[in-house]
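Next comes model-v1.cif, with mmCIF, N, CA and C atoms.
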```cif
data_final
loop_
_atom_site.label_atom_id
_atom_site.label_comp_id
_atom_site.auth_asym_id
_atom_site.auth_seq_id
_atom_site.Cartn_x
_atom_site.Cartn_y
_atom_site.Cartn_z
N MET A 1 -84.91 2.44 12.79
CA MET A 1 -84.42 3.58 13.56
C MET A 1 -83.19 4.14 12.86
N GLY A 2 -83.20 5.41 12.54
CA GLY A 2 -82.12 6.00 11.78
C GLY A 2 -80.92 6.39 12.62
N CYS A 3 -79.97 6.97 11.93
CA CYS A 3 -78.74 7.42 12.57
C CYS A 3 -78.89 8.90 12.90
N GLY A 4 -79.46 9.18 14.06
CA GLY A 4 -79.62 10.56 14.50
C GLY A 4 -80.95 11.16 14.13
N GLY A 5 -81.14 12.41 14.57
CA GLY A 5 -82.36 13.13 14.27
C GLY A 5 -82.75 14.04 15.43
N ILE A 6 -83.83 14.79 15.21
CA ILE A 6 -84.39 15.65 16.25
C ILE A 6 -85.63 14.97 16.79
N LEU A 7 -85.66 14.76 18.11
CA LEU A 7 -86.73 14.00 18.76
C LEU A 7 -87.50 14.91 19.70
N ARG A 8 -88.82 14.97 19.51
CA ARG A 8 -89.67 15.82 20.34
C ARG A 8 -90.79 15.05 21.02
N ASP A 9 -90.91 13.75 20.76
CA ASP A 9 -91.95 12.95 21.42
C ASP A 9 -91.65 12.84 22.91
N LYS A 10 -92.70 12.75 23.73
CA LYS A 10 -92.53 12.68 25.18
C LYS A 10 -91.76 11.45 25.62
N ILE A 11 -91.93 10.35 24.92
CA ILE A 11 -91.24 9.09 25.23
C ILE A 11 -90.71 8.52 23.92
N GLY A 12 -89.49 8.00 23.95
CA GLY A 12 -88.95 7.41 22.73
C GLY A 12 -87.68 6.63 23.01
N ASN A 13 -87.15 6.03 21.97
CA ASN A 13 -85.92 5.25 22.05
C ASN A 13 -84.90 5.77 21.06
N ILE A 14 -83.64 5.61 21.40
CA ILE A 14 -82.57 5.80 20.44
C ILE A 14 -81.71 4.54 20.48
N ALA A 15 -81.17 4.18 19.33
CA ALA A 15 -80.36 2.96 19.24
C ALA A 15 -79.30 3.13 18.17
N SER A 16 -78.20 2.43 18.36
CA SER A 16 -77.17 2.42 17.33
C SER A 16 -77.71 1.65 16.13
N PRO A 17 -77.42 2.13 14.91
CA PRO A 17 -77.83 1.38 13.73
C PRO A 17 -77.05 0.07 13.65
N THR A 18 -77.63 -0.93 13.03
CA THR A 18 -76.94 -2.22 12.92
C THR A 18 -76.89 -2.69 11.48
N GLN A 19 -75.85 -3.46 11.18
CA GLN A 19 -75.71 -4.10 9.89
C GLN A 19 -76.41 -5.45 9.97
N PRO A 20 -76.59 -6.15 8.84
CA PRO A 20 -77.30 -7.45 8.87
C PRO A 20 -76.71 -8.46 9.85
N GLU A 21 -75.40 -8.42 10.07
CA GLU A 21 -74.79 -9.38 11.01
C GLU A 21 -74.98 -8.99 12.47
N GLY A 22 -75.64 -7.86 12.73
CA GLY A 22 -75.99 -7.50 14.10
C GLY A 22 -75.05 -6.53 14.78
N TYR A 23 -74.03 -6.06 14.08
CA TYR A 23 -73.09 -5.12 14.68
C TYR A 23 -73.25 -3.74 14.05
N TYR A 24 -72.87 -2.71 14.80
CA TYR A 24 -72.94 -1.36 14.22
C TYR A 24 -71.84 -1.19 13.17
N PRO A 25 -72.09 -0.34 12.16
CA PRO A 25 -71.12 -0.14 11.09
C PRO A 25 -69.93 0.72 11.51
N PRO A 26 -68.85 0.68 10.71
CA PRO A 26 -67.68 1.52 10.99
C PRO A 26 -67.92 2.96 10.56
N LEU A 27 -67.10 3.84 11.13
CA LEU A 27 -67.02 5.25 10.72
C LEU A 27 -68.36 5.97 10.75
N LEU A 28 -69.07 5.78 11.86
CA LEU A 28 -70.35 6.47 12.05
C LEU A 28 -70.18 7.72 12.90
N LYS A 29 -71.05 8.67 12.67
CA LYS A 29 -71.24 9.77 13.62
C LYS A 29 -72.73 10.09 13.57
N CYS A 30 -73.45 9.63 14.57
CA CYS A 30 -74.90 9.82 14.66
C CYS A 30 -75.18 10.80 15.79
N THR A 31 -76.04 11.78 15.53
CA THR A 31 -76.36 12.80 16.53
C THR A 31 -77.87 12.88 16.70
N TRP A 32 -78.33 12.64 17.92
CA TRP A 32 -79.74 12.78 18.28
C TRP A 32 -79.88 14.00 19.18
N VAL A 33 -80.77 14.91 18.85
CA VAL A 33 -81.08 16.06 19.69
C VAL A 33 -82.47 15.83 20.25
N ILE A 34 -82.56 15.70 21.57
CA ILE A 34 -83.84 15.42 22.24
C ILE A 34 -84.31 16.73 22.87
N ILE A 35 -85.50 17.18 22.47
CA ILE A 35 -85.99 18.49 22.89
C ILE A 35 -87.31 18.32 23.65
N ALA A 36 -87.28 18.64 24.93
CA ALA A 36 -88.48 18.61 25.76
C ALA A 36 -89.14 19.99 25.73
N PRO A 37 -90.41 20.07 26.11
CA PRO A 37 -91.05 21.38 26.22
C PRO A 37 -90.38 22.21 27.33
N PRO A 38 -90.60 23.53 27.33
CA PRO A 38 -90.06 24.36 28.41
C PRO A 38 -90.51 23.84 29.79
N LYS A 39 -89.67 24.04 30.77
CA LYS A 39 -89.91 23.64 32.17
C LYS A 39 -89.91 22.12 32.36
N GLN A 40 -89.39 21.39 31.37
CA GLN A 40 -89.19 19.95 31.51
C GLN A 40 -87.74 19.64 31.17
N ILE A 41 -87.26 18.50 31.66
CA ILE A 41 -85.91 18.05 31.37
C ILE A 41 -85.98 16.66 30.75
N VAL A 42 -84.86 16.22 30.21
CA VAL A 42 -84.78 14.92 29.56
C VAL A 42 -84.14 13.92 30.51
N GLN A 43 -84.77 12.75 30.64
CA GLN A 43 -84.18 11.64 31.39
C GLN A 43 -83.85 10.54 30.40
N LEU A 44 -82.57 10.11 30.39
CA LEU A 44 -82.09 9.08 29.46
C LEU A 44 -81.72 7.84 30.26
N THR A 45 -82.34 6.71 29.91
CA THR A 45 -82.12 5.44 30.60
C THR A 45 -81.61 4.41 29.60
N TRP A 46 -80.51 3.76 29.93
CA TRP A 46 -79.88 2.78 29.04
C TRP A 46 -80.49 1.41 29.28
N MET A 47 -80.86 0.72 28.21
CA MET A 47 -81.39 -0.64 28.32
C MET A 47 -80.32 -1.68 27.97
N THR A 48 -79.56 -1.43 26.90
CA THR A 48 -78.43 -2.29 26.54
C THR A 48 -77.27 -1.39 26.16
N PHE A 49 -76.05 -1.90 26.37
CA PHE A 49 -74.87 -1.10 26.05
C PHE A 49 -73.69 -2.03 25.84
N ASN A 50 -73.16 -2.07 24.61
CA ASN A 50 -72.04 -2.94 24.29
C ASN A 50 -71.23 -2.29 23.17
N LEU A 51 -70.24 -1.48 23.56
CA LEU A 51 -69.36 -0.80 22.61
C LEU A 51 -67.93 -1.26 22.82
N GLU A 52 -67.08 -0.99 21.84
CA GLU A 52 -65.67 -1.31 21.97
C GLU A 52 -65.10 -0.59 23.19
N GLN A 53 -64.40 -1.36 24.04
CA GLN A 53 -63.75 -0.80 25.23
C GLN A 53 -62.41 -0.22 24.82
N SER A 54 -62.08 0.98 25.28
CA SER A 54 -60.78 1.57 25.00
C SER A 54 -60.44 2.58 26.08
N TYR A 55 -59.15 2.86 26.21
CA TYR A 55 -58.68 3.85 27.17
C TYR A 55 -59.29 5.20 26.82
N GLU A 56 -59.93 5.83 27.78
CA GLU A 56 -60.60 7.12 27.62
C GLU A 56 -61.66 7.11 26.52
N CYS A 57 -62.17 5.91 26.19
CA CYS A 57 -63.23 5.75 25.17
C CYS A 57 -62.85 6.46 23.87
N SER A 58 -61.61 6.27 23.44
CA SER A 58 -61.11 7.03 22.29
C SER A 58 -61.47 6.42 20.94
N TYR A 59 -62.05 5.21 20.90
CA TYR A 59 -62.40 4.59 19.62
C TYR A 59 -63.89 4.73 19.35
N ASP A 60 -64.70 3.80 19.86
CA ASP A 60 -66.16 3.90 19.72
C ASP A 60 -66.71 4.46 21.03
N ASN A 61 -67.64 5.40 20.95
CA ASN A 61 -68.17 5.97 22.19
C ASN A 61 -69.52 6.63 21.96
N VAL A 62 -70.20 6.86 23.06
CA VAL A 62 -71.40 7.69 23.10
C VAL A 62 -71.08 8.86 24.02
N GLN A 63 -71.29 10.08 23.51
CA GLN A 63 -71.14 11.28 24.32
C GLN A 63 -72.52 11.90 24.51
N VAL A 64 -72.79 12.33 25.73
CA VAL A 64 -74.07 12.96 26.05
C VAL A 64 -73.78 14.39 26.49
N PHE A 65 -74.47 15.33 25.86
CA PHE A 65 -74.28 16.76 26.12
C PHE A 65 -75.54 17.37 26.69
N ASP A 66 -75.34 18.34 27.56
CA ASP A 66 -76.42 19.13 28.14
C ASP A 66 -76.51 20.42 27.34
N ASN A 67 -77.65 20.68 26.75
CA ASN A 67 -77.80 21.87 25.91
C ASN A 67 -78.63 22.92 26.59
N ASN A 68 -78.34 24.15 26.28
CA ASN A 68 -79.16 25.26 26.74
C ASN A 68 -79.91 25.91 25.59
N THR A 69 -79.53 25.58 24.36
CA THR A 69 -80.23 26.09 23.18
C THR A 69 -80.28 24.98 22.15
N GLU A 70 -81.08 25.15 21.12
CA GLU A 70 -81.13 24.17 20.05
C GLU A 70 -79.91 24.26 19.14
N LEU A 71 -79.10 25.28 19.31
CA LEU A 71 -77.95 25.50 18.44
C LEU A 71 -76.69 24.95 19.10
N GLY A 72 -76.16 23.87 18.59
CA GLY A 72 -74.90 23.36 19.07
C GLY A 72 -74.99 22.63 20.40
N MET A 73 -73.83 22.20 20.86
CA MET A 73 -73.76 21.37 22.05
C MET A 73 -73.38 22.19 23.27
N GLY A 74 -73.94 21.83 24.40
CA GLY A 74 -73.60 22.46 25.67
C GLY A 74 -72.52 21.66 26.37
N GLY A 75 -72.55 21.67 27.70
CA GLY A 75 -71.55 20.97 28.48
C GLY A 75 -71.66 19.46 28.35
N LEU A 76 -70.52 18.80 28.42
CA LEU A 76 -70.47 17.34 28.33
C LEU A 76 -70.95 16.73 29.64
N ILE A 77 -71.98 15.88 29.57
CA ILE A 77 -72.43 15.13 30.75
C ILE A 77 -71.54 13.93 30.96
N GLY A 78 -71.20 13.22 29.87
CA GLY A 78 -70.33 12.06 30.00
C GLY A 78 -70.01 11.42 28.67
N THR A 79 -68.90 10.65 28.66
CA THR A 79 -68.49 9.85 27.50
C THR A 79 -68.47 8.40 27.95
N TYR A 80 -69.08 7.51 27.17
CA TYR A 80 -69.28 6.12 27.59
C TYR A 80 -68.86 5.16 26.49
N CYS A 81 -68.26 4.03 26.92
CA CYS A 81 -67.90 2.95 26.01
C CYS A 81 -67.82 1.67 26.83
N GLY A 82 -67.49 0.56 26.19
CA GLY A 82 -67.35 -0.71 26.90
C GLY A 82 -68.68 -1.42 27.08
N PHE A 83 -68.77 -2.19 28.16
CA PHE A 83 -69.91 -3.08 28.37
C PHE A 83 -70.78 -2.70 29.56
N THR A 84 -70.33 -1.74 30.36
CA THR A 84 -71.07 -1.35 31.56
C THR A 84 -72.18 -0.37 31.19
N LEU A 85 -73.39 -0.66 31.67
CA LEU A 85 -74.52 0.22 31.42
C LEU A 85 -74.24 1.58 32.07
N PRO A 86 -74.28 2.67 31.31
CA PRO A 86 -74.10 4.00 31.93
C PRO A 86 -75.25 4.29 32.90
N PRO A 87 -75.06 5.26 33.78
CA PRO A 87 -76.13 5.61 34.73
C PRO A 87 -77.28 6.31 34.01
N ILE A 88 -78.42 6.40 34.70
CA ILE A 88 -79.52 7.23 34.21
C ILE A 88 -79.03 8.67 34.20
N LEU A 89 -79.27 9.37 33.10
CA LEU A 89 -78.77 10.74 32.94
C LEU A 89 -79.93 11.72 32.86
N LEU A 90 -79.73 12.89 33.47
CA LEU A 90 -80.72 13.97 33.43
C LEU A 90 -80.08 15.21 32.85
N SER A 91 -80.80 15.89 31.97
CA SER A 91 -80.33 17.17 31.46
C SER A 91 -80.62 18.25 32.50
N SER A 92 -79.93 19.38 32.41
CA SER A 92 -80.26 20.49 33.31
C SER A 92 -81.16 21.50 32.62
N SER A 93 -81.31 21.36 31.31
CA SER A 93 -82.24 22.20 30.55
C SER A 93 -83.20 21.27 29.81
N ASN A 94 -83.95 21.80 28.88
CA ASN A 94 -84.93 20.97 28.17
C ASN A 94 -84.35 20.30 26.94
N ILE A 95 -83.04 20.38 26.74
CA ILE A 95 -82.42 19.77 25.55
C ILE A 95 -81.22 18.91 25.96
N MET A 96 -81.15 17.72 25.36
CA MET A 96 -80.02 16.82 25.54
C MET A 96 -79.60 16.35 24.15
N THR A 97 -78.29 16.25 23.92
CA THR A 97 -77.77 15.74 22.66
C THR A 97 -76.95 14.48 22.92
N VAL A 98 -77.20 13.44 22.12
CA VAL A 98 -76.48 12.17 22.22
C VAL A 98 -75.74 11.97 20.90
N VAL A 99 -74.41 11.76 20.99
CA VAL A 99 -73.58 11.58 19.80
C VAL A 99 -72.90 10.22 19.89
N PHE A 100 -73.11 9.38 18.87
CA PHE A 100 -72.52 8.05 18.77
C PHE A 100 -71.47 8.08 17.67
N THR A 101 -70.22 7.74 18.02
CA THR A 101 -69.11 7.78 17.07
C THR A 101 -68.41 6.43 17.06
N THR A 102 -68.09 5.92 15.85
CA THR A 102 -67.35 4.66 15.74
C THR A 102 -66.13 4.85 14.86
N ASP A 103 -65.13 3.99 15.09
CA ASP A 103 -63.93 4.01 14.25
C ASP A 103 -64.04 2.92 13.18
N ILE A 104 -62.92 2.59 12.57
CA ILE A 104 -62.97 1.66 11.43
C ILE A 104 -62.86 0.18 11.85
N THR A 105 -62.39 -0.11 13.06
CA THR A 105 -62.19 -1.50 13.47
C THR A 105 -63.00 -1.84 14.71
N ILE A 106 -63.19 -3.12 14.95
CA ILE A 106 -63.87 -3.70 16.13
C ILE A 106 -65.26 -3.09 16.33
N HIS A 107 -66.26 -3.85 15.93
CA HIS A 107 -67.65 -3.40 16.04
C HIS A 107 -68.43 -4.36 16.92
N MET A 108 -69.26 -3.82 17.77
CA MET A 108 -69.99 -4.61 18.76
C MET A 108 -71.50 -4.51 18.49
N ASP A 109 -72.29 -4.93 19.50
CA ASP A 109 -73.76 -4.93 19.36
C ASP A 109 -74.36 -3.53 19.38
N GLY A 110 -73.73 -2.59 20.08
CA GLY A 110 -74.25 -1.24 20.15
C GLY A 110 -75.06 -0.97 21.40
N PHE A 111 -76.04 -0.08 21.30
CA PHE A 111 -76.79 0.33 22.49
C PHE A 111 -78.25 0.58 22.15
N LEU A 112 -79.05 0.55 23.20
CA LEU A 112 -80.45 0.96 23.13
C LEU A 112 -80.72 1.76 24.40
N ALA A 113 -81.30 2.94 24.23
CA ALA A 113 -81.65 3.79 25.37
C ALA A 113 -83.05 4.34 25.17
N SER A 114 -83.73 4.60 26.27
CA SER A 114 -85.05 5.23 26.19
C SER A 114 -84.96 6.60 26.85
N TYR A 115 -85.78 7.51 26.37
CA TYR A 115 -85.83 8.83 26.98
C TYR A 115 -87.27 9.19 27.30
N THR A 116 -87.42 10.06 28.26
CA THR A 116 -88.72 10.61 28.60
C THR A 116 -88.52 12.02 29.12
N PHE A 117 -89.58 12.79 29.16
CA PHE A 117 -89.53 14.14 29.70
C PHE A 117 -90.14 14.13 31.09
N ILE A 118 -89.51 14.83 32.01
CA ILE A 118 -90.04 14.94 33.37
C ILE A 118 -90.00 16.42 33.77
N PRO A 119 -90.88 16.82 34.70
CA PRO A 119 -90.84 18.22 35.17
C PRO A 119 -89.46 18.53 35.76
N GLU A 120 -88.95 19.73 35.50
CA GLU A 120 -87.60 20.05 35.95
C GLU A 120 -87.45 20.00 37.46
N THR A 121 -88.51 20.18 38.23
CA THR A 121 -88.40 20.10 39.69
C THR A 121 -88.14 18.68 40.16
N ASN A 122 -88.56 17.65 39.39
CA ASN A 122 -88.31 16.26 39.79
C ASN A 122 -86.85 15.87 39.67
N GLY A 123 -86.14 16.49 38.76
CA GLY A 123 -84.76 16.08 38.51
C GLY A 123 -83.73 16.96 39.15
N LYS A 124 -84.15 17.96 39.91
CA LYS A 124 -83.15 18.89 40.46
C LYS A 124 -83.15 18.86 41.96
#
```
Can you present the structure in this file as structure tokens?
Amino acid sequence: MGCGGILRDKIGNIASPTQPEGYYPPLLKCTWVIIAPPKQIVQLTWMTFNLEQSYECSYDNVQVFDNNTELGMGGLIGTYCGFTLPPILLSSSNIMTVVFTTDITIHMDGFLASYTFIPETNGK
């Protein structure tokens, strides 16, 4: 599984890349753009989550954005770090962007999340 990409499959996973010792590498910025068909939204469910804990998630974090177009990022849904599994997240449009950023020190196991597309009426 690579560091970022454009995802259009109905069901899939995203995960932090790992080094041979099992931890994510330093100084990463991975961006996944998940694009559902029109009239569908993206549901993101976290399976594992273990990032460096910091005040306001200022070191290692995952940011999830709600997009209205394929160009650039929309509104911020949330920024997550630490050991607590984030909630299930729903986009308000058919595009969601997930950005994973790490600093140079303290590396953990990372995360695994699954996504699926659902009709927009189910999530609103």
Q: Determine, counting all atoms listed in the file, which protein, DNA and RNA residues have an atom within 6.5 Å of an atom of Trp46 (chain A); residues of the same chain fewer than 4 positions away are not included. Present the result as a PyMOL selection string.
A: chain A and resi 85-88+112-114
Q) Distance CA of Val98 (chain A)-CA of Pro20 (chain A), one decimal place? A) 23.7 Å
Q | All strand (DSSP E or B) residues (DSSP, backbone) inside region 11-101 of chain A, as an MDAnalysis selection string | A | chainID A and resid 11:15 29:35 40:50 61:67 75:80 89:90 95:101
**Q.** Between atom N of Arg8 (chain A) and atom N of Gly74 (chain A), distance in Å (one decimal)
**A.** 17.1 Å
Q. For the atom pair CA of Leu7 (chain A) and atom C of Glu120 (chain A), what is the interatomic distance in Å to one decimal place?
A.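 Computing it gives 19.7 Å between the two atoms.
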Q: Please identify all polymer residues within 8 Å of Thr84 (chain A), counting only N, CA and C atoms, omitting same-chain residues fewer than 4 positions from it, and present them as a PyMOL selection string.
A: chain A and resi 48-51+80
Q | Residue nearest Gly22 (chain A) - candidates A:Pro119, A:Asp66, A:Met108, A:Gly82, atoms counted: all atoms listed in the file | A |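 With all atoms listed in the file as the atom set, the closest residue is A:Met108.
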Q. Which residues, protein or nucleic acid, reach to within 5 Å of (-77.4, 15.8, 20.9) in the file's coordinates when using all atoms listed in the file, and can you give that as a list in words?
A.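 I get Trp32, Val33, Met96, Thr97 and Val98 of chain A for the residues within 5 Å of that point.
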Q: Give me the result of the PyMOL selection byres (((chain A and resi 94 and name CA) around 7) and name CA) on this file, residue by residue, as number ranges by chain.
A: A: 35-42, 91-93, 95-96
Q: Choose the residue, out of A:Cys81, A:Leu76, A:Cys30, A:Leu90, that has the smallest atom-to-atom separation from Gln53 (chain A); count only C-alpha atoms.
A: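 For Gln53 (chain A), the nearest of the candidates is A:Cys81.
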Q. Between A:Thr31, A:Ile77, A:Pro26, A:Phe117, which is the closest to Thr105 (chain A) once you count only C-alpha atoms?
A.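 Once distances to Thr105 (chain A) are computed over only C-alpha atoms, the minimum belongs to A:Pro26.
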Q: Up to 8 Å from (-71.3, 10.2, 15.1) in the file's coordinates: name the residues, counting only C-alpha atoms, as number ranges by chain.
A: A: 27-31, 99-102
Q. Expanded to explicit residues, what is the PyMOL selection byres (((chain A and resi 18 and name CA) around 12) and name CA) for this file, as a ChimeraX atom specification?
A. /A:1-3,15-17,19-26,28,107-112
